[in-house]
file structure-v4.pdb (PDB, C-alpha atoms and all ligand atoms)
MODEL        1
ATOM      1  CA  MET A   1      -1.900  -1.706 -31.895
ATOM      2  CA  SER A   2      -4.672  -3.315 -29.884
ATOM      3  CA  GLU A   3      -7.456  -1.410 -28.201
ATOM      4  CA  GLU A   4      -6.634   0.961 -25.356
ATOM      5  CA  MET A   5      -8.227  -0.313 -22.131
ATOM      6  CA  ILE A   6      -6.862   2.108 -19.540
ATOM      7  CA  ARG A   7      -5.296   5.474 -20.237
ATOM      8  CA  VAL A   8      -3.698   7.373 -17.354
ATOM      9  CA  GLU A   9      -2.667  10.850 -18.469
ATOM     10  CA  ASN A  10      -0.413  13.042 -16.357
ATOM     11  CA  VAL A  11      -2.253  12.030 -13.181
ATOM     12  CA  THR A  12      -1.599  13.480  -9.775
ATOM     13  CA  TYR A  13      -3.477  12.423  -6.661
ATOM     14  CA  ALA A  14      -3.208  13.925  -3.161
ATOM     15  CA  TYR A  15      -5.126  12.419  -0.226
ATOM     16  CA  ASP A  16      -5.052  15.683   1.716
ATOM     17  CA  GLU A  17      -4.986  19.224   0.475
ATOM     18  CA  GLY A  18      -1.505  20.602   1.044
ATOM     19  CA  GLY A  19      -0.133  17.075   1.704
ATOM     20  CA  GLY A  20       2.275  15.265  -0.593
ATOM     21  CA  ASN A  21       1.189  13.609  -3.819
ATOM     22  CA  ALA A  22       0.542   9.876  -3.477
ATOM     23  CA  VAL A  23       0.616   9.763  -7.290
ATOM     24  CA  ASP A  24       2.759  12.314  -9.053
ATOM     25  CA  GLY A  25       2.555  13.019 -12.780
ATOM     26  CA  VAL A  26       1.944   9.442 -13.918
ATOM     27  CA  SER A  27       1.076   8.560 -17.529
ATOM     28  CA  LEU A  28       0.624   5.053 -18.880
ATOM     29  CA  THR A  29      -1.530   3.031 -21.238
ATOM     30  CA  ILE A  30      -2.809  -0.517 -20.823
ATOM     31  CA  ARG A  31      -4.043  -2.340 -23.915
ATOM     32  CA  ARG A  32      -6.470  -5.202 -24.421
ATOM     33  CA  GLY A  33      -4.893  -8.513 -23.487
ATOM     34  CA  ASP A  34      -1.956  -6.998 -21.584
ATOM     35  CA  PHE A  35      -0.527  -8.657 -18.459
ATOM     36  CA  VAL A  36       1.179  -5.785 -16.662
ATOM     37  CA  ALA A  37       2.913  -5.922 -13.284
ATOM     38  CA  VAL A  38       3.208  -2.888 -11.014
ATOM     39  CA  LEU A  39       6.157  -2.988  -8.601
ATOM     40  CA  GLY A  40       7.427  -0.643  -5.925
ATOM     41  CA  GLN A  41       8.323  -0.637  -2.226
ATOM     42  CA  ASN A  42       5.608  -0.067   0.400
ATOM     43  CA  GLY A  43       4.107   3.406   0.083
ATOM     44  CA  SER A  44       5.568   3.950  -3.400
ATOM     45  CA  GLY A  45       2.096   4.482  -4.888
ATOM     46  CA  LYS A  46       0.688   1.241  -6.266
ATOM     47  CA  SER A  47      -2.707   0.916  -4.574
ATOM     48  CA  THR A  48      -3.638   4.543  -5.208
ATOM     49  CA  PRO A  49      -3.267   4.291  -9.028
ATOM     50  CA  ALA A  50      -5.165   0.983  -8.907
ATOM     51  CA  LYS A  51      -8.078   2.751  -7.222
ATOM     52  CA  LEU A  52      -7.840   5.556  -9.769
ATOM     53  CA  MET A  53      -8.009   2.934 -12.529
ATOM     54  CA  ASN A  54     -11.385   1.592 -11.508
ATOM     55  CA  GLY A  55     -12.998   4.853 -10.545
ATOM     56  CA  LEU A  56     -12.829   4.414  -6.765
ATOM     57  CA  TYR A  57     -10.836   7.670  -6.690
ATOM     58  CA  GLN A  58     -10.773  10.536  -9.148
ATOM     59  CA  PRO A  59      -7.509  12.277 -10.043
ATOM     60  CA  THR A  60      -6.632  15.589  -8.382
ATOM     61  CA  SER A  61      -5.312  16.599 -11.806
ATOM     62  CA  GLY A  62      -4.918  14.796 -15.113
ATOM     63  CA  SER A  63      -7.317  12.161 -16.387
ATOM     64  CA  VAL A  64      -8.010   8.426 -16.247
ATOM     65  CA  THR A  65      -9.996   6.776 -19.022
ATOM     66  CA  VAL A  66     -11.285   3.181 -18.751
ATOM     67  CA  CYS A  67     -12.570   1.585 -21.968
ATOM     68  CA  GLY A  68     -13.039   5.086 -23.340
ATOM     69  CA  MET A  69     -14.943   6.310 -20.249
ATOM     70  CA  ASP A  70     -13.597   9.220 -18.194
ATOM     71  CA  THR A  71     -13.568   8.272 -14.486
ATOM     72  CA  ALA A  72     -14.365  11.901 -13.603
ATOM     73  CA  ASP A  73     -17.878  11.403 -15.033
ATOM     74  CA  ASP A  74     -19.950  10.212 -12.047
ATOM     75  CA  SER A  75     -22.657   8.780 -14.268
ATOM     76  CA  LEU A  76     -20.143   6.192 -15.581
ATOM     77  CA  THR A  77     -18.824   4.993 -12.210
ATOM     78  CA  TRP A  78     -20.760   1.701 -12.072
ATOM     79  CA  GLU A  79     -20.029   0.781 -15.665
ATOM     80  CA  ILE A  80     -16.332   1.549 -15.096
ATOM     81  CA  ARG A  81     -16.247  -0.684 -11.989
ATOM     82  CA  ARG A  82     -17.979  -3.476 -13.875
ATOM     83  CA  ARG A  83     -15.532  -3.285 -16.786
ATOM     84  CA  ALA A  84     -12.456  -2.954 -14.527
ATOM     85  CA  GLY A  85     -12.869  -5.175 -11.446
ATOM     86  CA  MET A  86     -10.525  -5.232  -8.455
ATOM     87  CA  VAL A  87      -9.266  -8.051  -6.264
ATOM     88  CA  PHE A  88      -7.622  -7.070  -2.993
ATOM     89  CA  GLN A  89      -5.085  -8.534  -0.605
ATOM     90  CA  ASN A  90      -7.296 -10.000   2.090
ATOM     91  CA  PRO A  91      -9.761 -12.595   0.779
ATOM     92  CA  ASP A  92     -11.711 -12.497   4.048
ATOM     93  CA  ASN A  93     -12.675  -8.871   3.475
ATOM     94  CA  GLN A  94     -14.065  -9.682   0.031
ATOM     95  CA  LEU A  95     -16.295 -12.607   0.959
ATOM     96  CA  VAL A  96     -19.502 -11.725   2.757
ATOM     97  CA  ALA A  97     -21.947 -14.616   2.287
ATOM     98  CA  THR A  98     -22.264 -18.029   3.937
ATOM     99  CA  VAL A  99     -22.328 -19.966   0.639
ATOM    100  CA  VAL A 100     -19.851 -19.632  -2.250
ATOM    101  CA  THR A 101     -22.552 -19.091  -4.909
ATOM    102  CA  ASP A 102     -24.088 -16.225  -2.890
ATOM    103  CA  ASP A 103     -20.698 -14.543  -2.751
ATOM    104  CA  VAL A 104     -20.306 -14.785  -6.508
ATOM    105  CA  ALA A 105     -23.880 -13.457  -6.904
ATOM    106  CA  PHE A 106     -23.199 -10.428  -4.715
ATOM    107  CA  GLY A 107     -21.764  -8.226  -7.467
ATOM    108  CA  LEU A 108     -24.487  -9.268  -9.893
ATOM    109  CA  GLU A 109     -27.148  -8.233  -7.380
ATOM    110  CA  ASN A 110     -25.396  -4.884  -7.002
ATOM    111  CA  ILE A 111     -25.569  -4.227 -10.726
ATOM    112  CA  GLY A 112     -29.258  -5.222 -10.703
ATOM    113  CA  MET A 113     -29.012  -8.329 -12.858
ATOM    114  CA  ASP A 114     -32.173 -10.353 -13.592
ATOM    115  CA  PRO A 115     -32.040 -13.190 -10.983
ATOM    116  CA  ALA A 116     -33.121 -15.714 -13.631
ATOM    117  CA  LEU A 117     -29.867 -15.120 -15.517
ATOM    118  CA  MET A 118     -27.623 -15.416 -12.473
ATOM    119  CA  PRO A 119     -27.146 -19.184 -12.005
ATOM    120  CA  ALA A 120     -25.555 -19.658 -15.444
ATOM    121  CA  ARG A 121     -23.244 -16.688 -14.900
ATOM    122  CA  ILE A 122     -22.220 -17.881 -11.443
ATOM    123  CA  ASP A 123     -21.630 -21.413 -12.660
ATOM    124  CA  GLY A 124     -19.500 -20.171 -15.569
ATOM    125  CA  ALA A 125     -17.419 -17.911 -13.322
ATOM    126  CA  LEU A 126     -16.758 -20.677 -10.769
ATOM    127  CA  LYS A 127     -15.764 -22.994 -13.610
ATOM    128  CA  ASP A 128     -13.328 -20.355 -14.941
ATOM    129  CA  VAL A 129     -11.446 -20.361 -11.624
ATOM    130  CA  GLY A 130     -11.738 -24.133 -11.057
ATOM    131  CA  MET A 131     -14.072 -23.781  -8.063
ATOM    132  CA  GLN A 132     -17.255 -25.302  -9.486
ATOM    133  CA  GLU A 133     -17.289 -28.235  -7.083
ATOM    134  CA  PHE A 134     -17.141 -25.823  -4.128
ATOM    135  CA  ALA A 135     -20.306 -23.958  -5.171
ATOM    136  CA  SER A 136     -22.338 -24.891  -2.108
ATOM    137  CA  ARG A 137     -19.505 -24.750   0.422
ATOM    138  CA  ALA A 138     -19.011 -22.129   3.142
ATOM    139  CA  PRO A 139     -16.358 -19.589   2.034
ATOM    140  CA  HIS A 140     -14.817 -19.301   5.495
ATOM    141  CA  LEU A 141     -13.874 -22.998   5.418
ATOM    142  CA  LEU A 142     -11.856 -22.685   2.195
ATOM    143  CA  SER A 143      -8.083 -22.201   1.950
ATOM    144  CA  GLY A 144      -6.714 -18.711   1.238
ATOM    145  CA  GLY A 145      -6.036 -19.568  -2.401
ATOM    146  CA  GLN A 146      -9.540 -20.969  -2.839
ATOM    147  CA  LYS A 147     -11.058 -17.865  -1.220
ATOM    148  CA  GLN A 148      -9.160 -15.615  -3.630
ATOM    149  CA  ARG A 149     -10.395 -17.721  -6.541
ATOM    150  CA  VAL A 150     -13.982 -17.236  -5.300
ATOM    151  CA  ALA A 151     -13.334 -13.479  -5.067
ATOM    152  CA  ILE A 152     -12.042 -13.573  -8.660
ATOM    153  CA  ALA A 153     -15.173 -15.503  -9.730
ATOM    154  CA  GLY A 154     -17.293 -12.735  -8.198
ATOM    155  CA  ILE A 155     -15.552 -10.256 -10.504
ATOM    156  CA  LEU A 156     -15.625 -12.579 -13.549
ATOM    157  CA  ALA A 157     -19.384 -13.068 -13.199
ATOM    158  CA  MET A 158     -19.758  -9.402 -14.137
ATOM    159  CA  LYS A 159     -17.927 -10.018 -17.431
ATOM    160  CA  PRO A 160     -15.136  -7.497 -16.903
ATOM    161  CA  ASP A 161     -12.561  -6.575 -19.551
ATOM    162  CA  ILE A 162      -9.861  -5.859 -16.990
ATOM    163  CA  ILE A 163      -9.040  -7.161 -13.534
ATOM    164  CA  ILE A 164      -6.708  -5.196 -11.263
ATOM    165  CA  PHE A 165      -5.132  -7.357  -8.562
ATOM    166  CA  ASP A 166      -3.728  -5.400  -5.615
ATOM    167  CA  GLU A 167      -1.240  -7.779  -3.942
ATOM    168  CA  ALA A 168      -3.826 -10.533  -4.263
ATOM    169  CA  THR A 169      -1.348 -13.244  -3.234
ATOM    170  CA  ALA A 170       0.335 -11.363  -0.366
ATOM    171  CA  MET A 171      -1.556 -13.208   2.376
ATOM    172  CA  LEU A 172      -1.360 -16.663   0.818
ATOM    173  CA  ASP A 173       1.064 -19.520   1.390
ATOM    174  CA  PRO A 174       3.340 -20.488  -1.540
ATOM    175  CA  ALA A 175       0.906 -23.129  -2.815
ATOM    176  CA  GLY A 176      -2.008 -20.668  -2.660
ATOM    177  CA  ARG A 177       0.077 -18.032  -4.461
ATOM    178  CA  ARG A 178       0.895 -20.403  -7.311
ATOM    179  CA  GLU A 179      -2.729 -21.546  -7.516
ATOM    180  CA  VAL A 180      -4.040 -17.976  -7.805
ATOM    181  CA  PHE A 181      -1.291 -16.763 -10.154
ATOM    182  CA  SER A 182      -1.738 -19.659 -12.569
ATOM    183  CA  THR A 183      -5.516 -19.077 -12.544
ATOM    184  CA  VAL A 184      -4.865 -15.453 -13.505
ATOM    185  CA  GLU A 185      -2.391 -16.468 -16.224
ATOM    186  CA  ARG A 186      -5.081 -18.683 -17.720
ATOM    187  CA  LEU A 187      -7.725 -15.933 -17.555
ATOM    188  CA  ASN A 188      -5.299 -13.635 -19.380
ATOM    189  CA  GLU A 189      -4.792 -16.263 -22.094
ATOM    190  CA  GLU A 190      -8.566 -16.310 -22.462
ATOM    191  CA  GLY A 191      -8.605 -12.549 -23.064
ATOM    192  CA  ILE A 192      -8.877 -10.752 -19.699
ATOM    193  CA  THR A 193      -6.552  -7.761 -19.399
ATOM    194  CA  VAL A 194      -4.560  -8.028 -16.147
ATOM    195  CA  VAL A 195      -2.913  -5.426 -13.923
ATOM    196  CA  TRP A 196      -0.912  -7.350 -11.317
ATOM    197  CA  ILE A 197       0.393  -5.335  -8.355
ATOM    198  CA  THR A 198       2.874  -7.426  -6.423
ATOM    199  CA  HIS A 199       6.001  -7.475  -4.308
ATOM    200  CA  PHE A 200       6.899 -10.984  -5.417
ATOM    201  CA  MET A 201       9.573 -10.623  -8.069
ATOM    202  CA  GLU A 202       9.102 -14.174  -9.337
ATOM    203  CA  GLU A 203       5.513 -13.193 -10.225
ATOM    204  CA  ALA A 204       6.583  -9.960 -11.899
ATOM    205  CA  ALA A 205       9.118 -11.945 -13.957
ATOM    206  CA  LYS A 206       6.222 -13.891 -15.476
ATOM    207  CA  CYS A 207       4.207 -10.814 -16.483
ATOM    208  CA  ARG A 208       4.730  -9.426 -19.977
ATOM    209  CA  TYR A 209       5.455  -5.847 -18.966
ATOM    210  CA  ILE A 210       6.414  -4.071 -15.721
ATOM    211  CA  HIS A 211       5.900  -0.561 -14.357
ATOM    212  CA  VAL A 212       7.960   0.420 -11.295
ATOM    213  CA  MET A 213       6.670   3.098  -8.903
ATOM    214  CA  HIS A 214       8.889   5.099  -6.547
ATOM    215  CA  GLY A 215       7.735   8.052  -4.440
ATOM    216  CA  GLY A 216       4.466   8.332  -6.384
ATOM    217  CA  LYS A 217       6.293   8.531  -9.711
ATOM    218  CA  LEU A 218       6.493   5.987 -12.485
ATOM    219  CA  VAL A 219      10.271   5.558 -12.673
ATOM    220  CA  LEU A 220      10.805   2.515 -14.905
ATOM    221  CA  SER A 221       8.785   0.670 -17.530
ATOM    222  CA  GLY A 222       9.813  -2.289 -19.634
ATOM    223  CA  THR A 223       9.762  -6.016 -20.176
ATOM    224  CA  PRO A 224      10.909  -8.177 -17.239
ATOM    225  CA  LYS A 225      14.256  -8.744 -18.998
ATOM    226  CA  GLU A 226      14.753  -4.985 -19.426
ATOM    227  CA  ILE A 227      13.689  -4.164 -15.857
ATOM    228  CA  PHE A 228      15.837  -6.809 -14.147
ATOM    229  CA  ALA A 229      18.884  -6.500 -16.414
ATOM    230  CA  ASP A 230      20.394  -3.916 -14.055
ATOM    231  CA  ALA A 231      20.302  -5.460 -10.562
ATOM    232  CA  GLY A 232      21.942  -2.388  -8.980
ATOM    233  CA  ARG A 233      19.221  -0.076 -10.281
ATOM    234  CA  ILE A 234      16.520  -2.436  -8.965
ATOM    235  CA  ARG A 235      18.134  -2.552  -5.524
ATOM    236  CA  ARG A 236      18.382   1.257  -5.418
ATOM    237  CA  LEU A 237      14.595   1.296  -5.848
ATOM    238  CA  ARG A 238      14.470  -0.979  -2.761
ATOM    239  CA  LEU A 239      13.371  -3.996  -4.764
ATOM    240  CA  ASP A 240      14.921  -7.398  -5.291
ATOM    241  CA  VAL A 241      15.674  -9.160  -8.516
ATOM    242  CA  PRO A 242      13.753 -12.450  -8.969
ATOM    243  CA  PRO A 243      15.385 -15.336  -7.040
ATOM    244  CA  MET A 244      16.429 -17.138 -10.253
ATOM    245  CA  ALA A 245      18.050 -13.946 -11.588
ATOM    246  CA  ALA A 246      20.032 -13.570  -8.351
ATOM    247  CA  LEU A 247      21.106 -17.223  -8.513
ATOM    248  CA  ALA A 248      22.119 -16.900 -12.184
ATOM    249  CA  GLN A 249      24.183 -13.819 -11.362
ATOM    250  CA  GLU A 250      26.007 -15.624  -8.502
ATOM    251  CA  LEU A 251      26.699 -18.642 -10.680
ATOM    252  CA  LYS A 252      28.026 -16.491 -13.515
ATOM    253  CA  GLN A 253      30.324 -14.646 -11.112
ATOM    254  CA  ASN A 254      31.612 -18.071 -10.115
ATOM    255  CA  GLY A 255      32.464 -19.009 -13.653
ATOM    256  CA  VAL A 256      29.331 -20.917 -14.685
ATOM    257  CA  ALA A 257      28.599 -20.021 -18.305
ATOM    258  CA  LEU A 258      24.855 -19.412 -18.090
ATOM    259  CA  PRO A 259      23.140 -17.239 -20.716
ATOM    260  CA  ASP A 260      22.080 -13.658 -19.855
ATOM    261  CA  GLY A 261      18.538 -12.774 -18.869
ATOM    262  CA  ILE A 262      17.526 -15.753 -16.726
ATOM    263  CA  LEU A 263      14.494 -14.766 -14.602
ATOM    264  CA  THR A 264      12.331 -17.843 -14.075
ATOM    265  CA  VAL A 265      12.774 -21.447 -12.926
ATOM    266  CA  GLU A 266      11.972 -22.602 -16.467
ATOM    267  CA  GLU A 267      14.725 -20.411 -17.957
ATOM    268  CA  MET A 268      17.199 -21.638 -15.312
ATOM    269  CA  VAL A 269      16.358 -25.249 -16.183
ATOM    270  CA  GLU A 270      16.945 -24.542 -19.882
ATOM    271  CA  GLY A 271      20.238 -22.750 -19.165
ATOM    272  CA  VAL A 272      21.567 -25.531 -16.932
ATOM    273  CA  LYS A 273      20.450 -28.272 -19.325
ATOM    274  CA  ARG A 274      22.593 -26.758 -22.043
ATOM    275  CA  LEU A 275      25.660 -26.899 -19.763
ATOM    276  CA  ALA A 276      25.128 -30.271 -18.118
ATOM    277  CA  PRO A 277      26.602 -33.426 -19.663
ATOM    278  CA  ARG A 278      23.944 -35.782 -21.003
ATOM    279  CA  VAL A 279      23.556 -39.146 -19.279
TER     280      VAL A 279
HETATM  281  P1  LIG B   1       1.499   1.290  -1.988
HETATM  282  O1  LIG B   1       0.275   0.589  -2.446
HETATM  283  O2  LIG B   1       2.626   1.248  -2.966
HETATM  284  O3  LIG B   1       1.949   0.830  -0.632
HETATM  285  P2  LIG B   1      -0.196   3.610  -1.686
HETATM  286  O4  LIG B   1      -0.720   3.977  -3.016
HETATM  287  O5  LIG B   1      -1.097   2.890  -0.747
HETATM  288  O6  LIG B   1       1.185   2.852  -1.859
HETATM  289  O7  LIG B   1       0.281   4.939  -0.949
HETATM  290  C1  LIG B   1       0.996   5.979  -1.584
HETATM  291  C2  LIG B   1       1.193   7.115  -0.585
HETATM  292  O8  LIG B   1      -0.073   7.623  -0.187
HETATM  293  C3  LIG B   1       1.908   6.700   0.703
HETATM  294  O9  LIG B   1       2.754   7.754   1.092
HETATM  295  C4  LIG B   1       0.791   6.507   1.683
HETATM  296  O10 LIG B   1       1.218   6.765   2.987
HETATM  297  C5  LIG B   1      -0.236   7.533   1.233
HETATM  298  N1  LIG B   1      -1.619   7.084   1.514
HETATM  299  C6  LIG B   1      -2.172   5.921   1.114
HETATM  300  N2  LIG B   1      -3.448   5.822   1.519
HETATM  301  C7  LIG B   1      -3.715   6.967   2.202
HETATM  302  C8  LIG B   1      -4.880   7.486   2.873
HETATM  303  N3  LIG B   1      -6.025   6.783   2.897
HETATM  304  N4  LIG B   1      -4.784   8.708   3.445
HETATM  305  C9  LIG B   1      -3.620   9.423   3.390
HETATM  306  N5  LIG B   1      -2.510   8.992   2.788
HETATM  307  C10 LIG B   1      -2.540   7.792   2.190
HETATM  308 MG    MG B   2      -0.719  -1.055  -1.611
ENDMDL
END
call {"tool": "encode", "arguments": {"input": "structure-v4.pdb", "output": "structure tokens"}}
result
Amino acid sequence: MSEEMIRVENVTYAYDEGGGNAVDGVSLTIRRGDFVAVLGQNGSGKSTPAKLMNGLYQPTSGSVTVCGMDTADDSLTWEIRRRAGMVFQNPDNQLVATVVTDDVAFGLENIGMDPALMPARIDGALKDVGMQEFASRAPHLLSGGQKQRVAIAGILAMKPDIIIFDEATAMLDPAGRREVFSTVERLNEEGITVVWITHFMEEAAKCRYIHVMHGGKLVLSGTPKEIFADAGRIRRLRLDVPPMAALAQELKQNGVALPDGILTVEEMVEGVKRLAPRV
């Protein structure tokens, strides 16, 4: 078993005393190299656990450990945030400077890095997200997908182990979504542990593992094939199955002999190729 990166143990979180629990008795473990999706309808409790996972919030009860550090220990807060970075929905709220490099430097300045070491770090981080040639551009003139990649570079510059993405593609057009998601897939291949909160089922289908939240509780965990195998159960949780899974189901009901478990475009292509006559 690989190293435990995040351990959430029986965590409950209430925003207001006497109010309901936004997170209710959740336990889960995320290991080094994982690519884990978190799904759930609006208000189901996805952003709150994300904030508990990087020490922005502390649990009302239970415990959250990041790289072996308890988030309840105030003296560890900065180290926890450096090791587990977060990227949010709106790129405009995450970019503050007038030049891309200054935005990437922002986090490094916050952690008090020696300015002499910064240019190499910034350059490396921009290269990692394919934004090197935009280094001296103005962030507000970039596309949404490019802005999110700059925000990711700002996190990468701090050499995190984990990045938690809270609906990081929700405000992007389809091209921007693909551009950001494939950047994140590549970062994961290079060793970054990824927590990917999303309401796009086609993205969840490409993650290696999925947790589903409902009413603050963790109600389902499994591989994409396990999670989406029962379309009725997914719809009862007010979620959709990935578009390719829905299409495969319709085709099968109409007598097309596709294999079970199709979730992605690539799997649909493979399934159809096996049926189609060769020309
Ligand atoms: P999601 O990200 O899945 O939409 P959240 O974790 O943001 O869900 O919210 C979970 C629950 O906590 C919801 O019922 C929501 O209304 C409530 N909540 C979220 N943020 C706050 C807040 N700042 N103050 C009070 N309640 C909140
Ligand atoms: Mg949210």
call {"tool": "residues_near_ligand", "arguments": {"input": "structure-v4.pdb", "ligand": "ligand LIG 1 (chain B)", "cutoff": "10 Å", "atoms": "only C-alpha atoms and all ligand atoms", "output": "compact mmCIF listing (two decimals) with C-alpha atoms, in the frame of the given file"}}
result
# COMPACT_ATOMS: atom_id res chain seq x y z
CA TYR A 13 -3.48 12.42 -6.66
CA ALA A 14 -3.21 13.92 -3.16
CA TYR A 15 -5.13 12.42 -0.23
CA ASP A 16 -5.05 15.68 1.72
CA GLY A 19 -0.13 17.08 1.70
CA GLY A 20 2.28 15.26 -0.59
CA ASN A 21 1.19 13.61 -3.82
CA ALA A 22 0.54 9.88 -3.48
CA VAL A 23 0.62 9.76 -7.29
CA ASP A 24 2.76 12.31 -9.05
CA VAL A 38 3.21 -2.89 -11.01
CA LEU A 39 6.16 -2.99 -8.60
CA GLY A 40 7.43 -0.64 -5.92
CA GLN A 41 8.32 -0.64 -2.23
CA ASN A 42 5.61 -0.07 0.40
CA GLY A 43 4.11 3.41 0.08
CA SER A 44 5.57 3.95 -3.40
CA GLY A 45 2.10 4.48 -4.89
CA LYS A 46 0.69 1.24 -6.27
CA SER A 47 -2.71 0.92 -4.57
CA THR A 48 -3.64 4.54 -5.21
CA PRO A 49 -3.27 4.29 -9.03
CA ALA A 50 -5.16 0.98 -8.91
CA LYS A 51 -8.08 2.75 -7.22
CA LEU A 52 -7.84 5.56 -9.77
CA ASP A 166 -3.73 -5.40 -5.62
CA GLU A 167 -1.24 -7.78 -3.94
CA ILE A 197 0.39 -5.34 -8.36
CA THR A 198 2.87 -7.43 -6.42
CA HIS A 199 6.00 -7.48 -4.31
CA VAL A 212 7.96 0.42 -11.30
CA MET A 213 6.67 3.10 -8.90
CA HIS A 214 8.89 5.10 -6.55
CA GLY A 215 7.74 8.05 -4.44
CA GLY A 216 4.47 8.33 -6.38
call {"tool": "atom_distance", "arguments": {"input": "structure-v4.pdb", "atom1": "atom CA of Ala153 of chain A", "atom2": "atom CA of Thr98 of chain A"}}
result
15.6 Å
call {"tool": "residues_around", "arguments": {"input": "structure-v4.pdb", "residues": "Phe200 of chain A", "least_positions_apart": "6", "cutoff": "10 Å", "atoms": "only C-alpha atoms", "output": "PyMOL selection string"}}
result
chain A and resi 39+167+169-170+177+239-243
call {"tool": "atom_distance", "arguments": {"input": "structure-v4.pdb", "atom1": "atom CA of Asp102 of chain A", "atom2": "atom CA of Ala151 of chain A"}}
result
11.3 Å
call {"tool": "closest_residue", "arguments": {"input": "structure-v4.pdb", "among": "A:Pro224, A:Gly261, A:Pro160, A:Gly55", "to": "Ala72 of chain A", "atoms": "only C-alpha atoms"}}
result
A:Gly55
call {"tool": "atom_distance", "arguments": {"input": "structure-v4.pdb", "atom1": "atom CA of Thr12 of chain A", "atom2": "atom CA of Met201 of chain A"}}
result
26.6 Å
call {"tool": "resolve_selection", "arguments": {"input": "structure-v4.pdb", "expression": "the PyMOL selection byres (((chain A and resi 176) around 10) and not hetatm)", "output": "ChimeraX atom specification"}}
result
/A:143-149,169-175,177-182
call {"tool": "residues_near_point", "arguments": {"input": "structure-v4.pdb", "point": "(-12.5, 8.1, -10.5)", "cutoff": "10 Å", "atoms": "all atoms listed in the file", "output": "list in words"}}
result
Lys51, Leu52, Met53, Asn54, Gly55, Leu56, Tyr57, Gln58, Pro59, Thr60, Ser63, Val64, Thr65, Val66, Asp70, Thr71, Ala72, Asp73, Asp74, Leu76, Thr77, Ile80 and Arg81 of chain A
call {"tool": "closest_residue", "arguments": {"input": "structure-v4.pdb", "among": "A:Ala157, A:Ile6, A:Leu251, A:Ala168", "to": "ligand MG 2 (chain B)", "atoms": "all atoms listed in the file"}}
result
A:Ala168
call {"tool": "resolve_selection", "arguments": {"input": "structure-v4.pdb", "expression": "the PyMOL selection byres (((chain A and resi 96) around 12) and not hetatm)", "output": "VMD selection string"}}
result
chain A and resid 91 to 95 97 to 107 138 to 140 147 150 to 151 154
call {"tool": "residues_around", "arguments": {"input": "structure-v4.pdb", "residues": "Gly191 of chain A", "least_positions_apart": "3", "cutoff": "9 Å", "atoms": "all atoms listed in the file", "output": "PDB file with C-alpha atoms, in the coordinates of the input"}}
result
ATOM      1  CA  ARG A  32      -6.470  -5.202 -24.421  1.00  0.00           C
ATOM      2  CA  GLY A  33      -4.893  -8.513 -23.487  1.00  0.00           C
ATOM      3  CA  ASP A  34      -1.956  -6.998 -21.584  1.00  0.00           C
ATOM      4  CA  ASP A 161     -12.561  -6.575 -19.551  1.00  0.00           C
ATOM      5  CA  ARG A 186      -5.081 -18.683 -17.720  1.00  0.00           C
ATOM      6  CA  LEU A 187      -7.725 -15.933 -17.555  1.00  0.00           C
ATOM      7  CA  ASN A 188      -5.299 -13.635 -19.380  1.00  0.00           C
TER       8      ASN A 188
END
